[in-house]
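The file structure-v2.txt comes next; it holds compact mmCIF, C-alpha atoms and all ligand atoms.
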```txt
# COMPACT_ATOMS: atom_id res chain seq x y z
CA MET A 1 -26.03 133.76 4.46
CA ASN A 2 -24.17 136.49 6.27
CA LEU A 3 -25.18 135.93 9.86
CA SER A 4 -21.66 136.80 10.99
CA MET A 5 -22.12 140.41 9.82
CA LYS A 6 -21.30 142.70 12.75
CA ILE A 7 -23.21 145.95 13.16
CA ILE A 8 -21.21 148.88 14.54
CA LYS A 9 -22.97 152.12 15.48
CA ASN A 10 -20.27 153.93 17.34
CA ILE A 11 -17.39 155.80 15.66
CA THR A 12 -14.78 154.92 18.31
CA GLU A 13 -15.76 151.24 18.07
CA MET A 14 -15.41 151.44 14.27
CA GLN A 15 -11.93 152.98 14.60
CA ASN A 16 -10.84 150.35 17.15
CA TRP A 17 -12.16 147.53 14.98
CA SER A 18 -10.33 148.83 11.92
CA ARG A 19 -7.05 149.38 13.78
CA HIS A 20 -7.24 145.85 15.16
CA TYR A 21 -8.16 144.30 11.79
CA ARG A 22 -5.31 146.04 9.98
CA CYS A 23 -2.84 144.98 12.67
CA GLU A 24 -3.98 141.34 12.73
CA ASN A 25 -4.32 141.01 8.93
CA PRO A 26 -1.48 143.00 7.37
CA ASP A 27 -1.85 141.21 4.00
CA GLN A 28 -5.59 141.70 3.66
CA LYS A 29 -7.58 144.56 2.24
CA ILE A 30 -10.66 146.32 3.60
CA GLY A 31 -13.13 147.20 0.84
CA PHE A 32 -15.67 149.93 1.64
CA ILE A 33 -19.05 150.69 0.09
CA PRO A 34 -20.61 153.88 1.52
CA THR A 35 -24.38 154.13 1.07
CA MET A 36 -27.42 156.01 2.30
CA GLY A 37 -29.37 152.75 2.55
CA PHE A 38 -32.51 151.61 0.75
CA LEU A 39 -30.17 149.23 -1.00
CA HIS A 40 -30.74 148.02 -4.56
CA GLU A 41 -28.95 146.00 -7.26
CA GLY A 42 -26.64 148.94 -7.94
CA HIS A 43 -25.27 148.77 -4.37
CA LEU A 44 -25.03 144.99 -4.54
CA SER A 45 -22.94 145.21 -7.69
CA LEU A 46 -20.52 147.53 -5.83
CA ILE A 47 -20.26 144.94 -3.06
CA LYS A 48 -19.57 142.18 -5.64
CA GLN A 49 -16.87 144.34 -7.17
CA ALA A 50 -15.24 144.96 -3.78
CA VAL A 51 -15.13 141.23 -3.05
CA GLU A 52 -12.95 140.72 -6.15
CA SER A 53 -10.02 142.59 -4.61
CA CYS A 54 -10.74 142.74 -0.86
CA GLN A 55 -10.93 140.07 1.85
CA CYS A 56 -12.91 142.23 4.28
CA ILE A 57 -16.03 144.18 3.35
CA VAL A 58 -17.46 147.18 5.22
CA VAL A 59 -20.77 148.74 4.14
CA SER A 60 -22.01 151.96 5.73
CA ILE A 61 -25.53 153.33 5.89
CA PHE A 62 -25.91 156.98 6.82
CA VAL A 63 -28.45 159.38 5.38
CA ASN A 64 -26.19 162.41 5.57
CA PRO A 65 -28.37 165.47 6.35
CA PHE A 66 -25.69 167.91 5.14
CA GLN A 67 -25.80 166.78 1.55
CA PHE A 68 -29.50 167.62 1.23
CA ASN A 69 -30.11 171.24 0.31
CA ASN A 70 -33.86 170.71 0.51
CA PRO A 71 -35.49 169.64 3.83
CA ASP A 72 -38.38 167.93 1.97
CA ASP A 73 -35.92 165.85 -0.05
CA LEU A 74 -34.23 164.74 3.19
CA LYS A 75 -37.59 163.96 4.81
CA ASN A 76 -38.80 161.97 1.79
CA TYR A 77 -35.54 160.11 1.15
CA PRO A 78 -36.52 156.41 1.29
CA ARG A 79 -35.33 154.52 4.36
CA ASN A 80 -35.82 150.95 5.54
CA LEU A 81 -32.98 149.79 7.76
CA GLU A 82 -34.63 146.48 8.70
CA ARG A 83 -35.00 145.53 5.05
CA ASP A 84 -31.41 146.61 4.29
CA ILE A 85 -30.05 144.43 7.11
CA LEU A 86 -32.10 141.43 5.94
CA LEU A 87 -30.88 141.96 2.40
CA LEU A 88 -27.20 142.15 3.44
CA ASN A 89 -27.60 139.12 5.73
CA GLY A 90 -29.06 137.15 2.84
CA LEU A 91 -26.17 137.77 0.42
CA ASP A 92 -23.78 135.04 -0.74
CA GLN A 93 -20.83 137.39 -0.29
CA LYS A 94 -19.57 137.79 3.24
CA ILE A 95 -20.09 141.28 4.69
CA ASP A 96 -17.89 141.80 7.75
CA ILE A 97 -19.17 145.12 9.09
CA LEU A 98 -22.29 147.20 8.63
CA PHE A 99 -21.46 150.65 9.99
CA ILE A 100 -24.49 152.75 10.91
CA PRO A 101 -23.15 155.84 12.67
CA ASP A 102 -25.46 157.93 14.74
CA SER A 103 -26.06 161.49 13.53
CA ASP A 104 -25.27 162.96 16.99
CA ASP A 105 -21.95 161.12 17.00
CA VAL A 106 -21.12 162.24 13.43
CA TYR A 107 -21.97 165.90 13.95
CA LYS A 108 -21.12 166.78 17.52
CA ASN A 109 -22.39 170.36 17.18
CA GLY A 110 -25.34 169.46 15.00
CA ARG A 111 -23.48 170.37 11.81
CA PRO A 112 -20.01 169.95 10.32
CA GLU A 113 -17.66 172.85 10.99
CA LEU A 114 -14.80 171.72 8.75
CA ILE A 115 -16.16 171.59 5.20
CA MET A 116 -14.45 170.22 2.11
CA ASP A 117 -14.80 172.08 -1.17
CA TYR A 118 -13.60 172.23 -4.77
CA PRO A 119 -15.41 175.41 -5.85
CA ASP A 120 -14.55 174.89 -9.55
CA ILE A 121 -16.37 171.56 -9.65
CA THR A 122 -18.80 171.46 -6.71
CA ASN A 123 -20.78 174.34 -8.24
CA LYS A 124 -21.30 172.71 -11.63
CA LEU A 125 -24.00 170.24 -12.82
CA CYS A 126 -25.77 168.91 -9.71
CA GLY A 127 -24.01 171.50 -7.53
CA LYS A 128 -25.58 174.39 -9.42
CA THR A 129 -29.07 173.82 -8.08
CA ARG A 130 -28.13 171.72 -5.03
CA ALA A 131 -26.00 174.27 -3.20
CA GLY A 132 -23.79 172.63 -0.58
CA HIS A 133 -24.60 169.10 -1.76
CA PHE A 134 -21.06 168.10 -2.71
CA ASN A 135 -19.53 169.85 0.29
CA GLY A 136 -21.71 167.56 2.41
CA VAL A 137 -20.72 164.51 0.36
CA LEU A 138 -16.97 165.24 0.42
CA THR A 139 -16.99 166.00 4.13
CA ILE A 140 -18.82 162.81 5.15
CA VAL A 141 -16.81 160.60 2.78
CA HIS A 142 -13.56 162.07 4.07
CA ASN A 143 -14.69 161.39 7.64
CA LEU A 144 -15.87 157.86 6.86
CA PHE A 145 -12.45 157.15 5.34
CA MET A 146 -10.79 158.40 8.54
CA TRP A 147 -12.96 156.18 10.75
CA ILE A 148 -13.03 153.01 8.62
CA LYS A 149 -9.53 153.23 7.10
CA PRO A 150 -10.41 151.19 4.00
CA HIS A 151 -7.81 150.16 1.41
CA VAL A 152 -10.38 150.36 -1.40
CA ALA A 153 -13.66 152.29 -1.74
CA ILE A 154 -16.15 151.93 -4.56
CA PHE A 155 -18.48 154.60 -5.95
CA GLY A 156 -21.10 154.04 -8.63
CA LEU A 157 -20.77 155.97 -11.88
CA LYS A 158 -24.41 157.05 -11.84
CA ASP A 159 -23.13 159.78 -9.52
CA TYR A 160 -20.28 160.63 -11.89
CA GLN A 161 -19.61 164.07 -10.40
CA GLN A 162 -19.46 162.57 -6.91
CA TYR A 163 -16.99 159.91 -8.10
CA LEU A 164 -14.81 162.55 -9.77
CA LEU A 165 -14.74 164.79 -6.68
CA ILE A 166 -13.97 161.95 -4.29
CA LYS A 167 -11.16 160.70 -6.51
CA LYS A 168 -9.73 164.22 -6.60
CA MET A 169 -9.98 164.69 -2.81
CA THR A 170 -8.39 161.30 -2.19
CA ASN A 171 -5.48 162.09 -4.52
CA ASP A 172 -4.93 165.62 -3.27
CA LEU A 173 -4.97 164.63 0.42
CA HIS A 174 -2.95 161.42 -0.18
CA LEU A 175 -5.63 159.52 1.70
CA ASP A 176 -4.18 156.13 0.83
CA VAL A 177 -7.53 154.74 -0.33
CA GLU A 178 -7.88 153.32 -3.82
CA ILE A 179 -11.04 154.73 -5.40
CA LYS A 180 -12.73 152.43 -7.87
CA ALA A 181 -15.61 153.23 -10.20
CA GLY A 182 -18.63 150.93 -10.14
CA GLN A 183 -20.52 150.47 -13.37
CA LEU A 184 -23.85 152.31 -13.68
CA ILE A 185 -26.53 149.61 -13.24
CA ARG A 186 -29.82 149.87 -15.13
CA GLU A 187 -33.21 148.21 -14.84
CA ASN A 188 -34.04 145.94 -17.82
CA ASP A 189 -35.94 148.82 -19.39
CA GLY A 190 -32.87 151.12 -19.17
CA LEU A 191 -33.80 153.26 -16.15
CA ALA A 192 -30.67 153.97 -14.06
CA MET A 193 -31.07 152.32 -10.66
CA SER A 194 -31.54 154.70 -7.76
CA SER A 195 -33.09 154.56 -4.32
CA ARG A 196 -35.18 157.52 -5.50
CA ASN A 197 -36.93 155.37 -8.14
CA SER A 198 -39.04 153.93 -5.31
CA ARG A 199 -40.77 157.34 -5.13
CA LEU A 200 -41.98 157.13 -8.76
CA SER A 201 -45.48 155.89 -9.61
CA SER A 202 -45.60 153.27 -12.40
CA GLU A 203 -46.79 155.96 -14.81
CA GLU A 204 -43.84 158.17 -13.79
CA LYS A 205 -41.45 155.24 -14.19
CA ASN A 206 -42.65 154.83 -17.77
CA ARG A 207 -42.19 158.53 -18.40
CA ALA A 208 -38.66 158.35 -16.96
CA LEU A 209 -37.58 155.87 -19.66
CA ILE A 210 -37.08 158.75 -22.08
CA ILE A 211 -33.96 159.71 -20.08
CA SER A 212 -31.91 156.59 -20.82
CA GLN A 213 -33.45 156.26 -24.31
CA THR A 214 -32.20 159.74 -25.10
CA LEU A 215 -28.71 159.02 -23.78
CA PHE A 216 -28.53 155.81 -25.84
CA LYS A 217 -29.70 157.73 -28.90
CA VAL A 218 -26.93 160.32 -28.40
CA LYS A 219 -24.35 157.55 -28.03
CA ASN A 220 -25.60 155.75 -31.18
CA GLU A 221 -25.49 158.97 -33.13
CA PHE A 222 -21.94 159.65 -31.89
CA GLU A 223 -20.84 156.12 -32.78
CA SER A 224 -22.27 156.42 -36.27
CA GLY A 225 -19.97 159.38 -36.91
CA ASN A 226 -22.23 162.37 -36.10
CA ASN A 227 -19.92 163.59 -33.39
CA LYS A 228 -20.37 167.38 -33.20
CA VAL A 229 -21.37 168.66 -29.76
CA LEU A 230 -24.05 170.96 -31.19
CA HIS A 231 -25.81 168.12 -33.01
CA LEU A 232 -25.77 165.80 -29.98
CA LYS A 233 -26.86 168.56 -27.60
CA ASN A 234 -29.82 169.31 -29.86
CA ILE A 235 -30.95 165.68 -29.75
CA LEU A 236 -30.62 165.70 -25.98
CA GLN A 237 -32.59 168.88 -25.45
CA ASN A 238 -35.28 168.19 -28.07
CA ASN A 239 -35.97 164.71 -26.71
CA LEU A 240 -36.26 165.96 -23.14
CA SER A 241 -37.97 169.27 -23.88
CA HIS A 242 -41.32 168.13 -22.41
CA LEU A 243 -39.66 167.54 -19.02
CA GLU A 244 -38.47 169.98 -16.38
CA ILE A 245 -34.74 169.97 -17.12
CA ASP A 246 -32.20 170.89 -14.44
CA TYR A 247 -29.29 170.33 -16.83
CA ALA A 248 -28.73 168.32 -19.99
CA SER A 249 -25.58 168.81 -22.00
CA LEU A 250 -22.13 167.54 -22.93
CA TYR A 251 -19.23 168.17 -20.56
CA HIS A 252 -15.50 167.65 -20.32
CA SER A 253 -15.22 164.43 -18.33
CA GLU A 254 -12.54 165.77 -15.91
CA THR A 255 -13.26 169.50 -15.51
CA LEU A 256 -17.04 169.24 -16.09
CA GLU A 257 -16.85 172.40 -18.24
CA GLU A 258 -19.67 172.45 -20.77
CA LEU A 259 -18.20 171.67 -24.20
CA ASN A 260 -18.10 174.19 -26.98
CA GLU A 261 -20.83 173.50 -29.55
CA GLN A 262 -18.29 173.35 -32.40
CA ASP A 263 -16.14 170.73 -30.64
CA ASN A 264 -15.95 167.05 -31.40
CA ALA A 265 -17.68 165.15 -28.57
CA SER A 266 -15.08 162.43 -28.29
CA GLY A 267 -14.47 161.59 -24.58
CA ALA A 268 -17.41 163.76 -23.45
CA LEU A 269 -19.65 163.10 -20.50
CA VAL A 270 -23.31 163.41 -21.50
CA ALA A 271 -25.12 164.19 -18.27
CA VAL A 272 -28.73 164.88 -17.44
CA ALA A 273 -30.81 165.85 -14.40
CA VAL A 274 -34.57 166.12 -14.86
CA TYR A 275 -37.66 166.13 -12.71
CA ILE A 276 -40.27 163.42 -13.16
CA GLY A 277 -43.13 164.67 -11.00
CA LYS A 278 -41.44 165.68 -7.75
CA VAL A 279 -38.51 163.31 -8.14
CA ARG A 280 -35.20 164.56 -9.48
CA LEU A 281 -33.40 161.88 -11.51
CA ILE A 282 -29.86 161.92 -12.88
CA ASP A 283 -28.22 159.79 -15.54
CA ASN A 284 -25.14 159.97 -17.76
CA ILE A 285 -23.14 158.23 -20.43
CA LEU A 286 -19.54 158.60 -21.62
CA LEU A 287 -18.79 158.95 -25.32
CA ASN A 288 -15.67 156.99 -26.15
O1 LIG B 1 -23.89 158.17 -3.05
C1 LIG B 1 -24.32 158.16 -1.88
O2 LIG B 1 -25.14 157.32 -1.50
C2 LIG B 1 -23.85 159.23 -0.91
O3 LIG B 1 -23.63 160.43 -1.55
C3 LIG B 1 -22.61 158.82 -0.10
C4 LIG B 1 -21.40 158.60 -0.97
C5 LIG B 1 -22.91 157.55 0.70
C6 LIG B 1 -22.24 159.92 0.92
O4 LIG B 1 -23.28 160.18 1.79
```
Could I get this structure in the form of structure tokens?
Amino acid sequence: MNLSMKIIKNITEMQNWSRHYRCENPDQKIGFIPTMGFLHEGHLSLIKQAVESCQCIVVSIFVNPFQFNNPDDLKNYPRNLERDILLLNGLDQKIDILFIPDSDDVYKNGRPELIMDYPDITNKLCGKTRAGHFNGVLTIVHNLFMWIKPHVAIFGLKDYQQYLLIKKMTNDLHLDVEIKAGQLIRENDGLAMSSRNSRLSSEEKNRALIISQTLFKVKNEFESGNNKVLHLKNILQNNLSHLEIDYASLYHSETLEELNEQDNASGALVAVAVYIGKVRLIDNILLN
């Protein structure tokens, strides 16, 4: 039980707490797991991973309005703070701080004025149809790092592009935070875990299984020696052709450039975004 978990809602209080903790515990590390709530096994696995290298754990919950390009998506994003708090309180691992900043405190003028960007990458894959999404993500993550001052922060690989961008920002700005990748966690049937899955009906959940099945098929094919991009891309697109595809292809895992069809797919990121009903789902797999 985690009944000692402290909830902080105010940014200044968060900064004071962090300054004090770092001063009093110079040999200990603060591990940070940023979330938008509606916690699931995927988030819990990030917490478990943080506990392995950090003595102090901070989790944040903030549904960041500026990473939603679509007002309906923001409105329908699942939220249940009471359940999240109960879940965190019930964990075996100790959580020190749950940071739940208030939107008015985060965005003093109702919106961020300083915006982070990597135009070469933020506009690809998810950024192509979700204009501004990654600018919102980078900006809030940068700010959370400034307020919480973690030593380590963990990001799940389901959001591969997000992980890549945050790692790049952290390196380029010398933010002194170690960025770790958290394994992509799947349901037993293969569906990548996401808070958005709660919006799928059971029939839609069944239909969504084709996403991970297709990725596994591509990986099997690659591992059995059929490693040309064109061949693997065809499998991907044929298998998903009955769905509304946002993107589905093979990409360079650092630049996110789509790979040339004649290339060998070794090291590629196979990434997919499709709509199941009204819900947009993403998934990916690395070929190595
Ligand atoms: O992955 C998420 O849940 C969000 O994009 C993050 C990193 C918490 C920023 O709002």
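If you count all atoms listed in the file and ignore residues fewer than 6 places along the chain from Lys108 (chain A), what sits within 12 Å of it is Ile11, Asp102 and Leu114 of chain A.
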Under the rule of at most 6 Å, produce a per-residue listing of chain A near ligand LIG 1 (chain B): chain, number, name, the closest pair of atoms, and the distance in Å, as JSON lines, using all atoms listed in the file.
```
{"residue": "A:Pro34", "atom": "CA", "partner": "B:LIG1", "partner_atom": "C5", "distance": 4.4}
{"residue": "A:Thr35", "atom": "CA", "partner": "B:LIG1", "partner_atom": "C5", "distance": 3.7}
{"residue": "A:Met36", "atom": "CA", "partner": "B:LIG1", "partner_atom": "O2", "distance": 4.6}
{"residue": "A:Asn64", "atom": "CA", "partner": "B:LIG1", "partner_atom": "O4", "distance": 5.3}
{"residue": "A:Val137", "atom": "CA", "partner": "B:LIG1", "partner_atom": "C6", "distance": 4.9}
{"residue": "A:Val141", "atom": "CA", "partner": "B:LIG1", "partner_atom": "C6", "distance": 5.8}
```
Let's have the selection written as a PDB file, in the coordinates of the input, with C-alpha atoms.
```pdb
ATOM      1  CA  PRO A  34     -20.610 153.880   1.520  1.00  0.00           C
ATOM      2  CA  THR A  35     -24.380 154.130   1.070  1.00  0.00           C
ATOM      3  CA  MET A  36     -27.420 156.010   2.300  1.00  0.00           C
ATOM      4  CA  ASN A  64     -26.190 162.410   5.570  1.00  0.00           C
ATOM      5  CA  VAL A 137     -20.720 164.510   0.360  1.00  0.00           C
ATOM      6  CA  VAL A 141     -16.810 160.600   2.780  1.00  0.00           C
TER       7      VAL A 141
END
```
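Residues in contact range of region 233-235 of chain A, defined as at most 9 Å between only C-alpha atoms, with sequence neighbours fewer than 3 positions away removed, read Thr214, Lys217, Val218, Lys228, Val229, Leu230, Asn238, Asn239, Leu240, Ala248, Ser249, Leu250, Glu261 and Val270 of chain A.
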Output C-alpha atoms for every residue in the selection just made, as a PDB file, keeping the file's coordinate frame.
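The result, stored in result.pdb:
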```
ATOM      1  CA  THR A 214     -32.200 159.740 -25.100  1.00  0.00           C
ATOM      2  CA  LYS A 217     -29.700 157.730 -28.900  1.00  0.00           C
ATOM      3  CA  VAL A 218     -26.930 160.320 -28.400  1.00  0.00           C
ATOM      4  CA  LYS A 228     -20.370 167.380 -33.200  1.00  0.00           C
ATOM      5  CA  VAL A 229     -21.370 168.660 -29.760  1.00  0.00           C
ATOM      6  CA  LEU A 230     -24.050 170.960 -31.190  1.00  0.00           C
ATOM      7  CA  ASN A 238     -35.280 168.190 -28.070  1.00  0.00           C
ATOM      8  CA  ASN A 239     -35.970 164.710 -26.710  1.00  0.00           C
ATOM      9  CA  LEU A 240     -36.260 165.960 -23.140  1.00  0.00           C
ATOM     10  CA  ALA A 248     -28.730 168.320 -19.990  1.00  0.00           C
ATOM     11  CA  SER A 249     -25.580 168.810 -22.000  1.00  0.00           C
ATOM     12  CA  LEU A 250     -22.130 167.540 -22.930  1.00  0.00           C
ATOM     13  CA  GLU A 261     -20.830 173.500 -29.550  1.00  0.00           C
ATOM     14  CA  VAL A 270     -23.310 163.410 -21.500  1.00  0.00           C
TER      15      VAL A 270
END
```
Quiz item: How many Å separate CA of Phe32 (chain A) from CA of Gln183 (chain A)?
Solution: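 Going from CA of Phe32 (chain A) over to CA of Gln183 (chain A) covers 15.8 Å.
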Contact check, region 134-214 of chain A to region 49-57 of chain A, at most 8 Å, counting only C-alpha atoms, closest pairs as JSON lines:
```
{"residue": "A:Val152", "atom": "CA", "partner": "A:Ala50", "partner_atom": "CA", "distance": 7.6}
{"residue": "A:Ala153", "atom": "CA", "partner": "A:Ala50", "partner_atom": "CA", "distance": 7.8}
{"residue": "A:Ile154", "atom": "CA", "partner": "A:Ala50", "partner_atom": "CA", "distance": 7.1}
{"residue": "A:Gly182", "atom": "CA", "partner": "A:Gln49", "partner_atom": "CA", "distance": 7.4}
```
Exercise. Work out how far apart CA of Gln162 (chain A) and CA of Glu178 (chain A) are and give it in Å to one decimal.
Key: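 Rounded to one decimal, the two atoms are 15.1 Å apart.
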Quiz item: Mind listing as a ChimeraX atom specification all residues within 8 Å of (-15.6, 163.0, -24.4), counting only C-alpha atoms?
Solution: /A:251-253,265-269,286-288
Exercise. Find the residues near Val177 (chain A): any atom within 9 Å, counting all atoms listed in the file, skip ones fewer than 3 places away on the same chain, and give them as a PyMOL selection string.
Key: chain A and resi 145+149-153+170-171+174
Exercise. Quick one: pull the distance between CA of Ala192 (chain A) and CA of Lys158 (chain A), Å, one decimal.
Key: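 So the two atoms, CA of Ala192 (chain A) and CA of Lys158 (chain A), lie 7.3 Å apart.
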Practice problem: Rank nothing, just name the residue among A:Leu243, A:Met193, A:Ile185, A:Met146 nearest to Leu173 (chain A), using only C-alpha atoms. | Solution: A:Met146
Quiz item: Nearest to His43 (chain A) among A:Gly156, A:Gly190, A:Gly110, A:Gly132, with distances taken over only C-alpha atoms: which residue is it?
Solution: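 The shortest atom-to-atom distance to His43 (chain A) comes from A:Gly156.
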Quiz item: When distances are computed from only C-alpha atoms, which of A:Leu215, A:His231, A:Met5, A:Asn123 shows the smallest separation from Asn89 (chain A)?
Solution: A:Met5
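Across A:Val58, A:Val274, A:Leu87, A:Cys23, the tightest approach to Leu39 (chain A) is made by A:Leu87 when counting all atoms listed in the file.
Nearest to Asn264 (chain A) of all the residues A:Leu74, A:Leu232, A:Leu164, A:Val63 is A:Leu232, based on only C-alpha atoms.
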Self-check item: Distance criterion (only C-alpha atoms): nearest to Glu187 (chain A) out of A:Ala273, A:Leu209, A:Ala131, A:Ile166
Solution: A:Leu209
For Leu88 (chain A), please output as a PDB file with C-alpha atoms, in the coordinates of the input all residues within 12 Å (counting only C-alpha atoms; exclusion window: fewer than 6 positions along the same chain).
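Written output follows (part_6.pdb):
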```
ATOM      1  CA  MET A   1     -26.030 133.760   4.460  1.00  0.00           C
ATOM      2  CA  ASN A   2     -24.170 136.490   6.270  1.00  0.00           C
ATOM      3  CA  LEU A   3     -25.180 135.930   9.860  1.00  0.00           C
ATOM      4  CA  SER A   4     -21.660 136.800  10.990  1.00  0.00           C
ATOM      5  CA  MET A   5     -22.120 140.410   9.820  1.00  0.00           C
ATOM      6  CA  LYS A   6     -21.300 142.700  12.750  1.00  0.00           C
ATOM      7  CA  ILE A   7     -23.210 145.950  13.160  1.00  0.00           C
ATOM      8  CA  GLY A  37     -29.370 152.750   2.550  1.00  0.00           C
ATOM      9  CA  PHE A  38     -32.510 151.610   0.750  1.00  0.00           C
ATOM     10  CA  LEU A  39     -30.170 149.230  -1.000  1.00  0.00           C
ATOM     11  CA  HIS A  40     -30.740 148.020  -4.560  1.00  0.00           C
ATOM     12  CA  GLU A  41     -28.950 146.000  -7.260  1.00  0.00           C
ATOM     13  CA  HIS A  43     -25.270 148.770  -4.370  1.00  0.00           C
ATOM     14  CA  LEU A  44     -25.030 144.990  -4.540  1.00  0.00           C
ATOM     15  CA  ILE A  47     -20.260 144.940  -3.060  1.00  0.00           C
ATOM     16  CA  LYS A  48     -19.570 142.180  -5.640  1.00  0.00           C
ATOM     17  CA  ILE A  57     -16.030 144.180   3.350  1.00  0.00           C
ATOM     18  CA  VAL A  58     -17.460 147.180   5.220  1.00  0.00           C
ATOM     19  CA  VAL A  59     -20.770 148.740   4.140  1.00  0.00           C
ATOM     20  CA  SER A  60     -22.010 151.960   5.730  1.00  0.00           C
ATOM     21  CA  ILE A  61     -25.530 153.330   5.890  1.00  0.00           C
ATOM     22  CA  LEU A  81     -32.980 149.790   7.760  1.00  0.00           C
ATOM     23  CA  GLU A  82     -34.630 146.480   8.700  1.00  0.00           C
ATOM     24  CA  LYS A  94     -19.570 137.790   3.240  1.00  0.00           C
ATOM     25  CA  ILE A  95     -20.090 141.280   4.690  1.00  0.00           C
ATOM     26  CA  ASP A  96     -17.890 141.800   7.750  1.00  0.00           C
ATOM     27  CA  ILE A  97     -19.170 145.120   9.090  1.00  0.00           C
ATOM     28  CA  LEU A  98     -22.290 147.200   8.630  1.00  0.00           C
TER      29      LEU A  98
END
```
Work out where the centre of an axis-aligned box around every listed atom of region 25-44 of chain A lies and how long its edges are once 4 Å is added on each side; give both in Å to one decimal as AutoDock Vina command-line options.
```
--center_x -17.0 --center_y 148.5 --center_z 0.5 --size_x 39.0 --size_y 23.0 --size_z 24.9
```
